[in-house]
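J.: Dumping the structure here so I can ask a few things about it.
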Amino acid sequence: MVPPPAAGRLLIASAALTDPNFSRTVVLLLEHGKDGTVGVVLNRPTDLAVAQALPEWSGIAADPGLIFRGGPVGTGAALALGVAAVPVEGGRSPAGWRAVVGPIGLVNLDSVRESVDPLLSNLRIYIGHAGWSPGQLDGELSAGAWIVVDALPQDVLSSEPARLWSDVLRRLPGEAAFLSTRPDDPNLN
């Protein structure tokens with residue numbers, strides 16, 4: 001049974017996806033509802049180091065310590081995802097933290113780092129995000145453009161983002177696992 005899209009699930013680009021912005025991407029959904037869908041691409045690192053752009057956050061930035069391209073929308077703003085080192089108690093989020101699913105949450109980069117630092121094991125910073133208007137993602141799912149799977153904390157902070165797409169597909173059964181071996185250009189196979 002294919003899970004429906006929801007916050008905390010991944011969208012894995014399939015071979016049917018034709019938008020080059022999302023070729024071989026893994027998108028973590030942050031919000032999905034009647035007003036649309038928001039997510040962040042997990043596997044598009046830039047060459048910009050966190051230590052250069054936001055040095056105050058570099059001490060807890062996940063390996064490889066780079067800022068990632070989160071998607072083609074809102075590229076003038078940054079957002080951060082973190083994995084909690086300790087469980088967030090009683091459903092109350094500390095200032096500067098908003099849970100997405102399990103230990104994965106959004107970190108407010110404008111907050112005082114010291115207020116969220118003890119909570120986090122690591123974080124990753126993204127420029128921009130991915131967005132779908134109401135019904136748009138459902139249409140893409142019906143066309144077979146995306147595969148929906150549950151996210152694991154290690155997906156968010158993968159130290160090998162170039163392998164994330166194939167790694168997530170390999171843990172799925174059947175044809176999806178086979179897709180993980182597909183070359184970038186099948187004509188060169």
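Chain lettering (A, B, ...) mirrors the order of the structure tokens, residue numbering begins at 1 for each chain separately, and ligand numbering begins at 1 in order of display.
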Please list as a ChimeraX atom specification every residue within 12 Å of Leu141 of chain A, counting only C-alpha atoms and excluding residues in the same chain fewer than 2 positions away.

T.: /A:2-5,11-14,16-17,132,135-139,143-148

J.: Write out as an mmCIF file with N, CA and C atoms, in the first residue's frame which residues come within 9 Å of Asp63 of chain A when counting only C-alpha atoms, dropping same-chain ones fewer than 4 positions away.

T.:
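The resulting file, part_22.cif, is reproduced below:
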```cif
data_model
loop_
_atom_site.group_PDB
_atom_site.id
_atom_site.type_symbol
_atom_site.label_atom_id
_atom_site.label_comp_id
_atom_site.auth_asym_id
_atom_site.auth_seq_id
_atom_site.Cartn_x
_atom_site.Cartn_y
_atom_site.Cartn_z
ATOM 1 N N ASN A 122 22.224 17.676 15.184
ATOM 2 C CA ASN A 122 22.771 18.311 13.975
ATOM 3 C C ASN A 122 21.677 19.101 13.298
ATOM 4 N N ARG A 124 20.803 21.065 9.188
ATOM 5 C CA ARG A 124 21.207 21.349 7.815
ATOM 6 C C ARG A 124 20.419 22.570 7.363
ATOM 7 N N LEU A 157 19.827 14.116 7.293
ATOM 8 C CA LEU A 157 21.211 14.530 7.518
ATOM 9 C C LEU A 157 22.218 13.621 6.822
ATOM 10 N N SER A 158 21.854 13.037 5.701
ATOM 11 C CA SER A 158 22.755 12.133 4.994
ATOM 12 C C SER A 158 24.091 12.812 4.706
ATOM 13 N N SER A 159 25.180 12.154 5.086
ATOM 14 C CA SER A 159 26.510 12.714 4.814
ATOM 15 C C SER A 159 26.935 12.460 3.373
ATOM 16 N N GLU A 160 26.139 11.674 2.644
ATOM 17 C CA GLU A 160 26.404 11.416 1.231
ATOM 18 C C GLU A 160 25.157 11.761 0.413
#
```

J.: Once DSSP has gone over the backbone, tell me which residues of segment 12-169 of chain A are in strand (DSSP E or B), as number ranges by chain.

T.: A: 12-13, 26-33, 36-41, 45-49, 61, 66-69, 73-84, 97-101, 104-107, 120-132, 146-150

J.: Which of these residues is nearest to Gly71 of chain A, using only C-alpha atoms: A:Gly174, A:Pro153, A:Pro134, A:Pro20?

T.: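 So, comparing all the options, the nearest one is A:Pro20.
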
J.: Excluding Gly96 of chain A and any residue of its chain fewer than 2 positions from it, enumerate the residues within 7 Å of it, using only C-alpha atoms, and give them as an MDAnalysis selection string.

T.: chainID A and resid 94 98 107:108 111 116

J.: Produce a file of the selected residues containing N, CA, C and O atoms, as an mmCIF file, in the first residue's frame.

T.:
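Written file, selection.cif:
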```cif
data_model
loop_
_atom_site.group_PDB
_atom_site.id
_atom_site.type_symbol
_atom_site.label_atom_id
_atom_site.label_comp_id
_atom_site.auth_asym_id
_atom_site.auth_seq_id
_atom_site.Cartn_x
_atom_site.Cartn_y
_atom_site.Cartn_z
ATOM 1 N N PRO A 94 10.300 23.801 22.165
ATOM 2 C CA PRO A 94 11.040 24.945 22.692
ATOM 3 C C PRO A 94 11.071 26.083 21.669
ATOM 4 O O PRO A 94 10.863 25.853 20.469
ATOM 5 N N ARG A 98 10.221 23.738 15.653
ATOM 6 C CA ARG A 98 8.870 23.269 15.314
ATOM 7 C C ARG A 98 8.979 21.853 14.777
ATOM 8 O O ARG A 98 9.605 21.632 13.738
ATOM 9 N N VAL A 107 14.121 24.500 12.381
ATOM 10 C CA VAL A 107 14.859 25.339 13.319
ATOM 11 C C VAL A 107 14.775 26.774 12.821
ATOM 12 O O VAL A 107 15.082 27.054 11.656
ATOM 13 N N ASN A 108 14.355 27.680 13.685
ATOM 14 C CA ASN A 108 14.284 29.096 13.336
ATOM 15 C C ASN A 108 15.693 29.679 13.410
ATOM 16 O O ASN A 108 16.273 29.796 14.481
ATOM 17 N N SER A 111 16.424 32.573 15.731
ATOM 18 C CA SER A 111 16.398 32.382 17.183
ATOM 19 C C SER A 111 17.818 32.414 17.737
ATOM 20 O O SER A 111 18.797 32.319 17.006
ATOM 21 N N VAL A 116 18.284 26.628 21.148
ATOM 22 C CA VAL A 116 17.951 25.370 20.476
ATOM 23 C C VAL A 116 19.129 24.413 20.391
ATOM 24 O O VAL A 116 18.947 23.222 20.195
#
```

J.: Using the chain letters and numbers from this document, which residues of chain A does DSSP assign to helix (DSSP H, G or I), as a PyMOL selection string?

T.: chain A and resi 20-22+50-53+55-60+89-91+113-119+136-142+153-156+161-170+175-179+186-188

J.: Ranking A:Ser133, A:Arg24, A:Leu29, A:Leu123 by minimum distance to Ile67 of chain A and counting only C-alpha atoms, which one comes first?

T.: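 When distances to Ile67 of chain A are compared using only C-alpha atoms, the smallest one comes from A:Leu123.
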
J.: So what do you get for atom CA of Thr46 of chain A versus atom CA of Leu66 of chain A, distance-wise?

T.: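 That distance, rounded to one decimal, is 6.5 Å.
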
J.: Could you check which of A:Pro64, A:Gly70, A:Gly59, A:Gly105 is closest to Asp117 of chain A, using only C-alpha atoms?

T.: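 Residue with the minimum atom-to-atom distance to Asp117 of chain A: A:Gly59.
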
J.: Taking only C-alpha atoms into account, name the residue in A:Val101, A:Val168, A:Leu79, A:Ala49 that is nearest to Ala7 of chain A.

T.: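 For Ala7 of chain A, the nearest of the given residues is A:Val101.
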